[in-house]
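Asker: One structure coming up, written as structure tokens, with questions to follow.
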Amino acid sequence: MVYIRSKKIKGIEYAYLVHSVWDEKLNTSRQKTIKYLGKVSHISIDSIPKEFQDIPNVRTFLVNHNIENKINVQKEHTKIRKIFFNLLIDGNLEGAIDVYDTYSKSLHLSNFYDYILKIVMYEIGDLWKNKKLEIAQEHVASNTANSFVKTLTERTSASQQGCKIVICTPEGEWHNLGCNVLQSVLQNKGFKVFNISPSLPHDSVVNYILDVKPDAVFISVTLAENLSSCKRLIHKIESKSSVPIAVGGLAVKEMKDQKLDAIVSTDDLDSVSSLVKTMMKNQKKPKPYNKKS
């Protein structure tokens, strides 16, 4: 995968055109710099070698960092969200897929989920909570969104050879759109994903983790009322395994004055690969995988 990576040095942001390659021996991805691009503020399309100019990741970076175009980009996203909202409410899966295909060159998979799908679903949830949307409409929209994500996930090659990731929800959490989106993004990045959501008894989740021996576990929580259940699940997993755990979801994003004994992820989906690397790097000494202990 080719993309532009940036980092700040003494307050100034610099960029590099890099190629990410999976190293099967080390079981991780390695970045190889193709070209140093200089200050982000000075980059233009002409800064990129011609063979890489039409790559979606590169185009998205250029659009997102071009100050003159930011207002136009926001207007474009707003327009797409309005169209996508109506398609989900109407249960128009084919139309939703067409919208993604139309804009996928400027909005690659994780960006589309972050800037379009996620915000539209938040809006639908708020409308339902405020009784401005019927429950039947909310269900149609949610089911269509899940089918949309499933369709895009099925387009991903089934031969993932990367790290093994288990995705789950705590017991009592039946909302799993976030899990399905995360599966879609991780598979697209080459990870081998085991999505066991929604709600399972915590003992079943732990036993599955002990069987699969994943490199990381992601827990998604949508409703704040399930945060206590999430804490119990984290403690159960940690009592049997040293596998690193990350928790995300709407409930985590909105929680106040609560602490979870895990990495709390509220970042964009593009950063999920870096998060996995951080989790594995900081992993504690492994505990024996023993269901009976």
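By order of appearance in the structure tokens: chains A, B, ..., then residues from 1 within every chain, and ligands from 1 in the order shown.
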Could you pull out the alpha helix (DSSP H) residues of region 71-142 of chain A from DSSP and send them as a ChimeraX atom specification?
Answerer: /A:71-89,93-103,109-112,118-129,135-142
Asker: Apply DSSP to the structure's backbone, then extract all residues of region 122-216 of chain A labelled strand (DSSP E) and return them as a ChimeraX atom specification.
Answerer: /A:164-168,192-195,216
Asker: Please provide as a list in words all residues within 10 Å of Thr78 (chain A), with the sequence filter that same-chain residues fewer than 5 positions apart are discarded (counting only C-alpha atoms).
Answerer: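 Returned residues: Asn72, Val73, Ile83, Phe84, Tyr115, Ile116, Ile119 and Val120 of chain A.
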Asker: Measuring between only C-alpha atoms, which one of A:Ser228, A:Gln53, A:Ser41, A:Asn27 shows the shortest distance to Val2 (chain A)?
Answerer: A:Gln53
Asker: Could you work out how far CA of Val217 (chain A) lies from CA of Gly178 (chain A), giving the answer in Å with one decimal?
Answerer: 14.1 Å
Asker: Could you work out how far CA of Val18 (chain A) lies from CA of Lys32 (chain A), giving the answer in Å with one decimal?
Answerer: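 Here the two named atoms are 5.5 Å from each other.
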Asker: One number please: CA of Val206 (chain A) to CA of Leu186 (chain A), in Å, one decimal.
Answerer: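 The value is 21.2 Å.
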Asker: Nearest to Val243 (chain A) among A:Ser110, A:Ser29, A:Asn282, A:Ser147, with distances taken over only C-alpha atoms: which residue is it?
Answerer: A:Asn282
Asker: Excluding Val58 (chain A) and any residue of its chain fewer than 3 positions from it, enumerate the residues within 8 Å of it, using only C-alpha atoms, and give them as a compact mmCIF listing (two decimals) with N, CA and C atoms, in the first residue's frame.
Answerer:
# COMPACT_ATOMS: atom_id res chain seq x y z
N VAL A 2 0.62 2.18 -0.89
CA VAL A 2 1.37 3.42 -0.98
C VAL A 2 0.52 4.56 -0.41
N TYR A 3 1.12 5.38 0.44
CA TYR A 3 0.41 6.51 1.01
C TYR A 3 1.41 7.57 1.46
N ILE A 4 0.91 8.71 1.90
CA ILE A 4 1.77 9.79 2.39
C ILE A 4 1.73 9.79 3.91
N PHE A 52 2.24 7.52 -9.01
CA PHE A 52 1.54 7.43 -7.72
C PHE A 52 0.47 8.50 -7.55
N GLN A 53 0.28 9.35 -8.53
CA GLN A 53 -0.62 10.50 -8.37
C GLN A 53 -2.09 10.12 -8.24
N ASP A 54 -2.50 9.01 -8.83
CA ASP A 54 -3.93 8.65 -8.82
C ASP A 54 -4.29 7.64 -7.74
N ILE A 55 -3.35 7.32 -6.87
CA ILE A 55 -3.64 6.38 -5.76
C ILE A 55 -4.57 7.09 -4.76
N PHE A 61 -4.89 12.48 0.95
CA PHE A 61 -3.96 13.30 1.74
C PHE A 61 -3.85 14.70 1.16
N LEU A 62 -3.69 14.78 -0.16
CA LEU A 62 -3.54 16.07 -0.81
C LEU A 62 -4.78 16.94 -0.63
Asker: Tell me which protein, DNA and RNA residues are within 12 Å of Thr144 (chain A), counting only C-alpha atoms, leaving out same-chain ones fewer than 2 positions away, and put them as a PyMOL selection string.
Answerer: chain A and resi 84-97+117+121+137-142+146-151+177
